[in-house]
$ cat start.cif   # mmCIF, C-alpha atoms, pLDDT in the B column; chains and numbers go by the auth columns
data_run
loop_
_atom_site.group_PDB
_atom_site.id
_atom_site.type_symbol
_atom_site.label_atom_id
_atom_site.label_comp_id
_atom_site.label_asym_id
_atom_site.label_seq_id
_atom_site.Cartn_x
_atom_site.Cartn_y
_atom_site.Cartn_z
_atom_site.B_iso_or_equiv
_atom_site.auth_seq_id
_atom_site.auth_asym_id
ATOM 1 C CA MET A 1 111.831 90.279 139.251 50.00 379 A
ATOM 2 C CA ILE A 2 114.942 91.151 137.320 52.00 380 A
ATOM 3 C CA ASP A 3 116.333 87.640 136.994 56.00 381 A
ATOM 4 C CA PHE A 4 113.688 86.740 134.456 53.00 382 A
ATOM 5 C CA ASP A 5 114.600 83.397 132.927 55.00 383 A
ATOM 6 C CA PRO A 6 112.029 82.017 130.534 53.00 384 A
ATOM 7 C CA ASN A 7 114.787 79.617 129.397 53.00 385 A
ATOM 8 C CA VAL A 8 115.148 81.439 126.106 50.00 386 A
ATOM 9 C CA SER A 9 118.766 82.383 126.701 49.00 387 A
ATOM 10 C CA SER A 10 119.673 78.881 127.809 53.00 388 A
ATOM 11 C CA LEU A 11 118.164 77.576 124.590 48.00 389 A
ATOM 12 C CA LEU A 12 120.136 79.937 122.393 51.00 390 A
ATOM 13 C CA PRO A 13 123.113 77.603 121.732 54.00 391 A
ATOM 14 C CA ASN A 14 120.697 74.895 120.585 52.00 392 A
ATOM 15 C CA VAL A 15 118.753 77.333 118.463 50.00 393 A
ATOM 16 C CA LYS A 16 121.918 78.500 116.773 50.00 394 A
ATOM 17 C CA GLN A 17 122.911 74.914 116.170 52.00 395 A
ATOM 18 C CA GLY A 18 119.508 74.182 114.721 49.00 396 A
ATOM 19 C CA MET A 19 119.776 77.169 112.432 50.00 397 A
ATOM 20 C CA ALA A 20 123.233 76.218 111.225 51.00 398 A
ATOM 21 C CA GLN A 21 122.061 72.727 110.362 50.00 399 A
ATOM 22 C CA ALA A 22 118.987 73.619 108.427 51.00 400 A
ATOM 23 C CA ILE A 23 118.732 70.010 107.237 53.00 401 A
ATOM 24 C CA ARG A 24 116.974 68.873 110.417 58.00 402 A
ATOM 25 C CA PRO A 25 114.324 71.427 111.183 59.00 403 A
ATOM 26 C CA GLY A 26 112.821 69.128 113.826 67.00 404 A
ATOM 27 C CA ALA A 27 115.349 70.132 116.507 69.00 405 A
ATOM 28 C CA ALA A 28 114.854 73.855 115.961 70.00 406 A
ATOM 29 C CA HIS A 29 111.112 73.344 116.061 77.00 407 A
ATOM 30 C CA ALA A 30 111.364 71.506 119.386 81.00 408 A
ATOM 31 C CA ASP A 31 113.492 74.319 120.825 83.00 409 A
ATOM 32 C CA PHE A 32 111.026 76.928 119.662 83.00 410 A
ATOM 33 C CA SER A 33 108.075 75.087 121.141 87.00 411 A
ATOM 34 C CA ARG A 34 109.984 74.828 124.413 89.00 412 A
ATOM 35 C CA ALA A 35 110.541 78.572 124.386 84.00 413 A
ATOM 36 C CA VAL A 36 106.850 79.126 123.659 85.00 414 A
ATOM 37 C CA GLN A 37 105.974 76.770 126.501 89.00 415 A
ATOM 38 C CA ALA A 38 108.264 78.701 128.858 88.00 416 A
ATOM 39 C CA ILE A 39 106.604 81.970 127.859 86.00 417 A
ATOM 40 C CA GLY A 40 103.207 80.379 128.456 88.00 418 A
ATOM 41 C CA GLU A 41 104.315 79.314 131.920 90.00 419 A
ATOM 42 C CA HIS A 42 105.493 82.841 132.625 88.00 420 A
ATOM 43 C CA VAL A 43 102.173 84.244 131.465 90.00 421 A
ATOM 44 C CA SER A 44 100.317 81.952 133.839 91.00 422 A
ATOM 45 C CA LYS A 45 102.655 82.989 136.656 91.00 423 A
ATOM 46 C CA VAL A 46 101.906 86.655 135.942 91.00 424 A
ATOM 47 C CA ASP A 47 98.213 85.783 135.853 92.00 425 A
ATOM 48 C CA ASP A 48 98.518 84.123 139.265 91.00 426 A
ATOM 49 C CA LEU A 49 100.065 87.309 140.657 91.00 427 A
ATOM 50 C CA GLN A 50 97.299 89.417 139.108 93.00 428 A
ATOM 51 C CA GLN A 51 94.631 87.208 140.629 92.00 429 A
ATOM 52 C CA ALA A 52 96.374 87.262 144.012 92.00 430 A
ATOM 53 C CA SER A 53 96.450 91.063 143.824 92.00 431 A
ATOM 54 C CA ASP A 54 92.740 91.199 142.906 93.00 432 A
ATOM 55 C CA ALA A 55 91.853 88.832 145.749 93.00 433 A
ATOM 56 C CA SER A 56 93.920 90.910 148.164 92.00 434 A
ATOM 57 C CA ILE A 57 92.174 94.132 147.127 93.00 435 A
ATOM 58 C CA GLN A 58 88.806 92.437 147.476 92.00 436 A
ATOM 59 C CA ASP A 59 89.693 91.043 150.909 91.00 437 A
ATOM 60 C CA LEU A 60 90.804 94.498 152.011 91.00 438 A
ATOM 61 C CA LEU A 61 87.635 96.186 150.770 92.00 439 A
ATOM 62 C CA THR A 62 85.284 93.559 152.161 93.00 440 A
ATOM 63 C CA GLY A 63 87.082 93.721 155.484 89.00 441 A
ATOM 64 C CA LYS A 64 88.360 90.145 155.471 88.00 442 A
ATOM 65 C CA HIS A 65 91.724 91.555 156.506 84.00 443 A
ATOM 66 C CA ASN A 66 92.800 95.116 157.217 82.00 444 A
ATOM 67 C CA ASP A 67 96.510 94.858 156.489 84.00 445 A
ATOM 68 C CA ILE A 68 97.036 97.333 153.695 88.00 446 A
ATOM 69 C CA THR A 69 100.730 96.488 153.332 88.00 447 A
ATOM 70 C CA THR A 70 99.872 92.974 152.121 88.00 448 A
ATOM 71 C CA THR A 71 97.702 94.485 149.408 91.00 449 A
ATOM 72 C CA VAL A 72 100.388 96.995 148.479 89.00 450 A
ATOM 73 C CA SER A 73 102.912 94.177 148.168 89.00 451 A
ATOM 74 C CA ALA A 74 100.595 92.017 146.026 90.00 452 A
ATOM 75 C CA VAL A 75 99.690 94.912 143.745 91.00 453 A
ATOM 76 C CA ALA A 76 103.326 95.977 143.358 89.00 454 A
ATOM 77 C CA LYS A 77 104.351 92.427 142.433 89.00 455 A
ATOM 78 C CA ALA A 78 101.515 92.083 139.929 90.00 456 A
ATOM 79 C CA ASP A 79 102.332 95.480 138.434 90.00 457 A
ATOM 80 C CA MET A 80 106.037 94.765 138.065 88.00 458 A
ATOM 81 C CA SER A 81 105.616 91.304 136.565 89.00 459 A
ATOM 82 C CA PHE A 82 102.936 92.565 134.189 90.00 460 A
ATOM 83 C CA LYS A 83 105.202 95.373 133.000 89.00 461 A
ATOM 84 C CA LEU A 84 107.930 92.819 132.323 88.00 462 A
ATOM 85 C CA LEU A 85 105.476 90.663 130.398 89.00 463 A
ATOM 86 C CA VAL A 86 104.319 93.613 128.308 90.00 464 A
ATOM 87 C CA GLY A 87 107.933 94.518 127.588 88.00 465 A
ATOM 88 C CA VAL A 88 108.705 91.005 126.392 86.00 466 A
ATOM 89 C CA ARG A 89 105.504 90.919 124.324 88.00 467 A
ATOM 90 C CA ASN A 90 106.329 94.225 122.640 90.00 468 A
ATOM 91 C CA LYS A 91 109.790 92.938 121.849 88.00 469 A
ATOM 92 C CA LEU A 92 108.382 89.718 120.370 87.00 470 A
ATOM 93 C CA ILE A 93 105.884 91.606 118.201 92.00 471 A
ATOM 94 C CA GLU A 94 108.593 93.935 117.047 91.00 472 A
ATOM 95 C CA ALA A 95 110.723 90.947 116.065 90.00 473 A
ATOM 96 C CA TYR A 96 107.766 89.433 114.208 91.00 474 A
ATOM 97 C CA LYS A 97 107.136 92.678 112.323 94.00 475 A
ATOM 98 C CA GLN A 98 110.775 92.972 111.363 93.00 476 A
ATOM 99 C CA THR A 99 110.761 89.394 110.125 93.00 477 A
ATOM 100 C CA MET A 100 107.616 89.948 108.078 93.00 478 A
ATOM 101 C CA SER A 101 108.911 93.151 106.480 93.00 479 A
ATOM 102 C CA MET A 102 112.140 91.440 105.446 89.00 480 A
ATOM 103 C CA PRO A 103 112.573 91.837 101.666 88.00 481 A
ATOM 104 C CA LEU A 104 112.776 88.394 100.083 79.00 482 A
ATOM 105 C CA MET B 1 123.555 83.113 153.348 41.00 1133 B
ATOM 106 C CA SER B 2 120.766 82.329 150.941 49.00 1134 B
ATOM 107 C CA ILE B 3 120.329 84.175 147.673 47.00 1135 B
ATOM 108 C CA PRO B 4 117.336 86.522 147.946 47.00 1136 B
ATOM 109 C CA ARG B 5 114.364 85.738 145.777 55.00 1137 B
ATOM 110 C CA ALA B 6 113.172 87.806 142.844 54.00 1138 B
ATOM 111 C CA PHE B 7 110.823 89.984 144.887 69.00 1139 B
ATOM 112 C CA GLY B 8 113.369 90.264 147.737 83.00 1140 B
ATOM 113 C CA PRO B 9 113.660 94.033 148.160 87.00 1141 B
ATOM 114 C CA LEU B 10 109.912 94.409 147.784 89.00 1142 B
ATOM 115 C CA ASP B 11 109.102 91.825 150.434 89.00 1143 B
ATOM 116 C CA ILE B 12 111.735 93.207 152.786 91.00 1144 B
ATOM 117 C CA ALA B 13 110.465 96.764 152.408 92.00 1145 B
ATOM 118 C CA VAL B 14 106.892 95.624 152.992 91.00 1146 B
ATOM 119 C CA SER B 15 107.949 93.670 156.088 91.00 1147 B
ATOM 120 C CA GLY B 16 109.626 96.834 157.374 92.00 1148 B
ATOM 121 C CA MET B 17 106.487 98.867 156.724 92.00 1149 B
ATOM 122 C CA ARG B 18 104.383 96.283 158.524 91.00 1150 B
ATOM 123 C CA ALA B 19 106.734 96.080 161.518 93.00 1151 B
ATOM 124 C CA HIS B 20 106.943 99.842 161.926 93.00 1152 B
ATOM 125 C CA ALA B 21 103.183 100.209 161.593 92.00 1153 B
ATOM 126 C CA LYS B 22 102.854 97.707 164.422 92.00 1154 B
ATOM 127 C CA HIS B 23 105.453 99.662 166.389 93.00 1155 B
ATOM 128 C CA MET B 24 103.360 102.774 165.884 94.00 1156 B
ATOM 129 C CA GLU B 25 100.356 100.876 167.233 92.00 1157 B
ATOM 130 C CA VAL B 26 102.324 100.020 170.374 94.00 1158 B
ATOM 131 C CA ILE B 27 103.403 103.662 170.763 94.00 1159 B
ATOM 132 C CA SER B 28 99.832 104.882 170.361 94.00 1160 B
ATOM 133 C CA SER B 29 98.766 102.450 173.074 92.00 1161 B
ATOM 134 C CA ASN B 30 101.463 103.872 175.344 92.00 1162 B
ATOM 135 C CA ILE B 31 100.422 107.458 174.666 93.00 1163 B
ATOM 136 C CA ALA B 32 96.721 106.724 175.076 92.00 1164 B
ATOM 137 C CA ASN B 33 97.361 105.027 178.409 89.00 1165 B
ATOM 138 C CA SER B 34 99.888 107.522 179.729 88.00 1166 B
ATOM 139 C CA ARG B 35 97.528 108.337 182.637 85.00 1167 B
ATOM 140 C CA THR B 36 95.832 104.958 183.099 83.00 1168 B
ATOM 141 C CA ALA B 37 96.182 104.248 186.791 81.00 1169 B
ATOM 142 C CA ASP B 38 94.236 101.003 186.518 80.00 1170 B
ATOM 143 C CA ALA B 39 95.050 98.750 183.579 77.00 1171 B
ATOM 144 C CA GLY B 40 92.639 95.964 184.476 80.00 1172 B
ATOM 145 C CA LYS B 41 94.254 94.316 187.478 80.00 1173 B
ATOM 146 C CA GLY B 42 94.362 97.332 189.741 78.00 1174 B
ATOM 147 C CA GLN B 43 97.922 98.024 188.641 83.00 1175 B
ATOM 148 C CA PRO B 44 98.903 101.071 186.585 85.00 1176 B
ATOM 149 C CA TYR B 45 99.485 100.605 182.880 87.00 1177 B
ATOM 150 C CA ARG B 46 103.018 99.522 182.059 89.00 1178 B
ATOM 151 C CA ARG B 47 104.688 100.969 179.010 89.00 1179 B
ATOM 152 C CA LEU B 48 104.934 98.411 176.176 91.00 1180 B
ATOM 153 C CA GLU B 49 107.991 97.949 174.061 91.00 1181 B
ATOM 154 C CA ALA B 50 108.072 96.291 170.632 91.00 1182 B
ATOM 155 C CA VAL B 51 110.949 93.885 170.036 92.00 1183 B
ATOM 156 C CA PHE B 52 112.130 93.745 166.426 92.00 1184 B
ATOM 157 C CA ARG B 53 113.698 90.609 165.004 91.00 1185 B
ATOM 158 C CA ALA B 54 115.167 89.769 161.590 90.00 1186 B
ATOM 159 C CA GLN B 55 113.157 87.180 159.665 87.00 1187 B
ATOM 160 C CA GLY B 56 116.257 85.100 159.057 84.00 1188 B
ATOM 161 C CA GLU B 57 120.024 85.168 158.839 83.00 1189 B
ATOM 162 C CA GLY B 58 121.729 87.426 156.340 82.00 1190 B
ATOM 163 C CA VAL B 59 119.506 89.293 153.882 85.00 1191 B
ATOM 164 C CA ALA B 60 116.083 89.228 155.496 87.00 1192 B
ATOM 165 C CA GLY B 61 113.047 91.263 156.385 89.00 1193 B
ATOM 166 C CA VAL B 62 112.032 92.313 159.849 90.00 1194 B
ATOM 167 C CA THR B 63 109.207 91.275 162.098 90.00 1195 B
ATOM 168 C CA ILE B 64 107.950 92.202 165.546 91.00 1196 B
ATOM 169 C CA ALA B 65 108.966 89.206 167.638 91.00 1197 B
ATOM 170 C CA ASP B 66 107.338 90.251 170.861 90.00 1198 B
ATOM 171 C CA ILE B 67 105.700 93.102 172.708 92.00 1199 B
ATOM 172 C CA VAL B 68 107.038 93.202 176.248 90.00 1200 B
ATOM 173 C CA PRO B 69 106.086 95.426 179.177 89.00 1201 B
ATOM 174 C CA ASP B 70 108.699 97.883 180.368 87.00 1202 B
ATOM 175 C CA ALA B 71 109.860 96.859 183.848 85.00 1203 B
ATOM 176 C CA GLY B 72 111.051 100.380 184.671 84.00 1204 B
ATOM 177 C CA ALA B 73 109.914 102.162 187.804 85.00 1205 B
ATOM 178 C CA LEU B 74 106.390 103.592 187.788 86.00 1206 B
ATOM 179 C CA GLN B 75 105.967 107.331 188.224 85.00 1207 B
ATOM 180 C CA ARG B 76 104.724 108.715 191.519 87.00 1208 B
ATOM 181 C CA LEU B 77 102.735 111.928 191.290 86.00 1209 B
ATOM 182 C CA TYR B 78 101.802 114.108 194.218 89.00 1210 B
ATOM 183 C CA ASP B 79 98.019 114.436 194.066 86.00 1211 B
ATOM 184 C CA PRO B 80 96.487 114.408 197.573 86.00 1212 B
ATOM 185 C CA GLY B 81 92.962 115.040 196.255 86.00 1213 B
ATOM 186 C CA ASN B 82 92.946 111.867 194.198 83.00 1214 B
ATOM 187 C CA PRO B 83 90.847 109.072 195.792 83.00 1215 B
ATOM 188 C CA ALA B 84 93.528 106.584 194.721 79.00 1216 B
ATOM 189 C CA ALA B 85 96.271 108.482 196.578 83.00 1217 B
ATOM 190 C CA ASP B 86 98.228 106.725 199.335 85.00 1218 B
ATOM 191 C CA PRO B 87 98.410 108.214 202.883 87.00 1219 B
ATOM 192 C CA SER B 88 101.330 110.466 201.935 89.00 1220 B
ATOM 193 C CA GLY B 89 99.324 111.867 198.978 87.00 1221 B
ATOM 194 C CA TYR B 90 101.090 110.144 196.074 89.00 1222 B
ATOM 195 C CA VAL B 91 99.410 108.377 193.153 88.00 1223 B
ATOM 196 C CA THR B 92 101.229 105.689 191.179 87.00 1224 B
ATOM 197 C CA MET B 93 101.055 106.432 187.463 87.00 1225 B
ATOM 198 C CA PRO B 94 102.269 104.503 184.399 89.00 1226 B
ATOM 199 C CA ASN B 95 105.947 104.617 183.466 88.00 1227 B
ATOM 200 C CA VAL B 96 105.088 106.276 180.159 89.00 1228 B
ATOM 201 C CA HIS B 97 107.130 109.380 179.407 89.00 1229 B
ATOM 202 C CA LEU B 98 105.497 111.385 176.656 91.00 1230 B
ATOM 203 C CA PRO B 99 108.689 112.982 175.283 93.00 1231 B
ATOM 204 C CA VAL B 100 110.201 109.492 174.880 92.00 1232 B
ATOM 205 C CA GLU B 101 107.052 108.261 173.165 92.00 1233 B
ATOM 206 C CA MET B 102 106.994 111.228 170.800 93.00 1234 B
ATOM 207 C CA MET B 103 110.610 110.511 169.908 94.00 1235 B
ATOM 208 C CA ASN B 104 109.774 106.859 169.259 93.00 1236 B
ATOM 209 C CA LEU B 105 106.783 107.962 167.200 94.00 1237 B
ATOM 210 C CA ASN B 106 109.060 110.098 165.045 95.00 1238 B
ATOM 211 C CA LEU B 107 111.463 107.191 164.643 94.00 1239 B
ATOM 212 C CA ALA B 108 108.656 104.819 163.667 93.00 1240 B
ATOM 213 C CA SER B 109 107.106 107.176 161.128 94.00 1241 B
ATOM 214 C CA ARG B 110 110.500 108.006 159.602 95.00 1242 B
ATOM 215 C CA ALA B 111 111.359 104.318 159.358 94.00 1243 B
ATOM 216 C CA TYR B 112 107.988 103.642 157.735 94.00 1244 B
ATOM 217 C CA GLN B 113 108.617 106.396 155.207 95.00 1245 B
ATOM 218 C CA ALA B 114 112.096 105.055 154.533 95.00 1246 B
ATOM 219 C CA ASN B 115 110.724 101.589 153.805 94.00 1247 B
ATOM 220 C CA ALA B 116 108.076 103.064 151.510 93.00 1248 B
ATOM 221 C CA ALA B 117 110.838 105.003 149.737 95.00 1249 B
ATOM 222 C CA VAL B 118 112.813 101.778 149.254 94.00 1250 B
ATOM 223 C CA LEU B 119 109.734 100.118 147.787 92.00 1251 B
ATOM 224 C CA ARG B 120 109.110 102.985 145.371 92.00 1252 B
ATOM 225 C CA ARG B 121 112.776 103.221 144.397 94.00 1253 B
ATOM 226 C CA TYR B 122 112.956 99.482 143.726 92.00 1254 B
ATOM 227 C CA GLN B 123 109.896 99.675 141.504 90.00 1255 B
ATOM 228 C CA ARG B 124 111.473 102.535 139.582 91.00 1256 B
ATOM 229 C CA MET B 125 114.691 100.523 139.299 91.00 1257 B
ATOM 230 C CA VAL B 126 112.843 97.601 137.744 88.00 1258 B
ATOM 231 C CA GLU B 127 111.102 99.976 135.369 89.00 1259 B
ATOM 232 C CA THR B 128 114.492 101.369 134.358 91.00 1260 B
ATOM 233 C CA THR B 129 115.636 97.844 133.589 89.00 1261 B
ATOM 234 C CA LEU B 130 112.529 97.238 131.506 87.00 1262 B
ATOM 235 C CA GLU B 131 113.188 100.447 129.560 88.00 1263 B
ATOM 236 C CA LEU B 132 116.234 98.653 128.176 88.00 1264 B
ATOM 237 C CA LEU B 133 113.905 96.240 126.379 81.00 1265 B
ATOM 238 C CA ARG B 134 112.640 99.033 124.147 76.00 1266 B
#
$ encode --input "start.cif" --output "structure tokens"
Amino acid sequence: MIDFDPNVSSLLPNVKQGMAQAIRPGAAHADFSRAVQAIGEHVSKVDDLQQASDASIQDLLTGKHNDITTTVSAVAKADMSFKLLVGVRNKLIEAYKQTMSMPL
Amino acid sequence: MSIPRAFGPLDIAVSGMRAHAKHMEVISSNIANSRTADAGKGQPYRRLEAVFRAQGEGVAGVTIADIVPDAGALQRLYDPGNPAADPSGYVTMPNVHLPVEMMNLNLASRAYQANAAVLRRYQRMVETTLELLR
């Protein structure tokens, strides 16, 4: 859970390089799209956990299995990963807002 | 020793909760059958014991590997009126000792609570980490 690695940090050296050499914006663009792709992958992973948690709750309630600890585990995982996702999203939006309100 | 995965503490705590719940099931069977003189094959019920095993080497969860009957001596109670009594008036009863079972029950429920506490504490820990994002 904590070792979240959407590959953004590993891309940072490249991003900095791309920013320093503003002449070729293609490289920076590629890095950014990779970061976006990584975030998309993370979102789909979180979605998988949410769906697993939903399926587990449904199985428990319909009596397909009666092991409540499995459901607790699935729900806890979905909850934690979703909170992380929301945190990252809030941070991204905040960064966007700060960029937009930059006086030019 | 392998590096634990991202959900390590969570999975381990849940495995502990599951194992101790199963242990409690075994204990309840023992208590329920503490006076079962015939457990199917004409023999008195034998106390069952849950065997815990780690899920792997190093950092790992726990699982119930086996549930084995206790080979200890069966109790003999003096009850001459019982139709199952032998000529000297003794009835063979299961080797379940209620005080021991109550102690095991306490252990199992405390261990279950401890695992649940680990789970809750880990969740709070992750939330604390996420607070740093703000």
$ residues_near_point --input "start.cif" --point "(105.4, 96.2, 138.2)" --cutoff "12 Å" --atoms "all atoms listed in the file" --output "PyMOL selection string"
(chain A and resi 379-380+424+427-428+431+450-465) or (chain B and resi 1139+1142+1251-1262)
$ residues_near_point --input "start.cif" --point "(99.0, 111.9, 195.5)" --cutoff "6 Å" --atoms "only C-alpha atoms" --output "PyMOL selection string"
chain B and resi 1209-1212+1217+1221-1223
$ write_last_selection --input "start.cif" --atoms "C-alpha atoms" --output "mmCIF file, in the coordinates of the input"
data_model
loop_
_atom_site.group_PDB
_atom_site.id
_atom_site.type_symbol
_atom_site.label_atom_id
_atom_site.label_comp_id
_atom_site.auth_asym_id
_atom_site.auth_seq_id
_atom_site.Cartn_x
_atom_site.Cartn_y
_atom_site.Cartn_z
ATOM 1 C CA LEU B 1209 102.735 111.928 191.290
ATOM 2 C CA TYR B 1210 101.802 114.108 194.218
ATOM 3 C CA ASP B 1211 98.019 114.436 194.066
ATOM 4 C CA PRO B 1212 96.487 114.408 197.573
ATOM 5 C CA ALA B 1217 96.271 108.482 196.578
ATOM 6 C CA GLY B 1221 99.324 111.867 198.978
ATOM 7 C CA TYR B 1222 101.090 110.144 196.074
ATOM 8 C CA VAL B 1223 99.410 108.377 193.153
#
$ axis_aligned_box --input "start.cif" --around "stretch 1170-1189 of chain B" --padding-each-side "6 Å" --output "AutoDock Vina command-line options"
--center_x 106.3 --center_y 93.1 --center_z 174.3 --size_x 39.4 --size_y 28.0 --size_z 42.9
$ atom_distance --input "start.cif" --atom1 "atom CA of B:Arg1167" --atom2 "atom CA of B:Leu1206"
11.3 Å
$ closest_residue --input "start.cif" --among "B:Ala1216, B:Val1228, B:Asn1238, B:Asp1198" --to "B:Asp1170" --atoms "only C-alpha atoms"
B:Ala1216
$ residues_around --input "start.cif" --residues "stretch 1154-1161 of chain B" --least-positions-apart "4" --cutoff "7 Å" --atoms "all atoms listed in the file" --output "PDB file with C-alpha atoms, in the frame of the given file"
ATOM      1  CA  ARG B1150     104.383  96.283 158.524  1.00 91.00           C
ATOM      2  CA  ASN B1165      97.361 105.027 178.409  1.00 89.00           C
ATOM      3  CA  LEU B1180     104.934  98.411 176.176  1.00 91.00           C
ATOM      4  CA  ALA B1182     108.072  96.291 170.632  1.00 91.00           C
ATOM      5  CA  GLU B1233     107.052 108.261 173.165  1.00 92.00           C
ATOM      6  CA  LEU B1237     106.783 107.962 167.200  1.00 94.00           C
ATOM      7  CA  ALA B1240     108.656 104.819 163.667  1.00 93.00           C
TER       8      ALA B1240
END
$ atom_distance --input "start.cif" --atom1 "atom CA of B:Ala1151" --atom2 "atom CA of B:Phe1184"
7.7 Å
$ atom_distance --input "start.cif" --atom1 "atom CA of B:Ala1169" --atom2 "atom CA of B:Met1225"
5.4 Å
$ closest_residue --input "start.cif" --among "B:Val1191, B:Met1149, B:Ala1197, B:Ala1203" --to "chain A" --atoms "only C-alpha atoms"
B:Met1149
$ resolve_selection --input "start.cif" --expression "the PyMOL selection byres ((chain B and resi 1247) around 10)" --output "mmCIF file with C-alpha atoms, in the coordinates of the input"
data_model
loop_
_atom_site.group_PDB
_atom_site.id
_atom_site.type_symbol
_atom_site.label_atom_id
_atom_site.label_comp_id
_atom_site.auth_asym_id
_atom_site.auth_seq_id
_atom_site.Cartn_x
_atom_site.Cartn_y
_atom_site.Cartn_z
ATOM 1 C CA PRO B 1141 113.660 94.033 148.160
ATOM 2 C CA LEU B 1142 109.912 94.409 147.784
ATOM 3 C CA ILE B 1144 111.735 93.207 152.786
ATOM 4 C CA ALA B 1145 110.465 96.764 152.408
ATOM 5 C CA VAL B 1146 106.892 95.624 152.992
ATOM 6 C CA SER B 1147 107.949 93.670 156.088
ATOM 7 C CA GLY B 1148 109.626 96.834 157.374
ATOM 8 C CA MET B 1149 106.487 98.867 156.724
ATOM 9 C CA ARG B 1150 104.383 96.283 158.524
ATOM 10 C CA HIS B 1152 106.943 99.842 161.926
ATOM 11 C CA SER B 1241 107.106 107.176 161.128
ATOM 12 C CA ARG B 1242 110.500 108.006 159.602
ATOM 13 C CA ALA B 1243 111.359 104.318 159.358
ATOM 14 C CA TYR B 1244 107.988 103.642 157.735
ATOM 15 C CA GLN B 1245 108.617 106.396 155.207
ATOM 16 C CA ALA B 1246 112.096 105.055 154.533
ATOM 17 C CA ALA B 1248 108.076 103.064 151.510
ATOM 18 C CA ALA B 1249 110.838 105.003 149.737
ATOM 19 C CA VAL B 1250 112.813 101.778 149.254
ATOM 20 C CA LEU B 1251 109.734 100.118 147.787
ATOM 21 C CA ARG B 1252 109.110 102.985 145.371
ATOM 22 C CA ARG B 1253 112.776 103.221 144.397
#
$ closest_residue --input "start.cif" --among "B:Val1194, B:Arg1179, B:Arg1208, B:Glu1263" --to "B:His1229" --atoms "all atoms listed in the file"
B:Arg1179
$ closest_residue --input "start.cif" --among "A:Leu470, A:Ala416, A:Gln476, A:Pro481" --to "chain B" --atoms "only C-alpha atoms"
A:Leu470
$ closest_residue --input "start.cif" --among "A:Lys475, A:Lys442, A:His407, A:Arg467" --to "chain B" --atoms "only C-alpha atoms"
A:Arg467
$ closest_residue --input "start.cif" --among "A:Gln436, A:Asn444, A:Ser411, A:Gln429" --to "chain B" --atoms "all atoms listed in the file"
A:Asn444
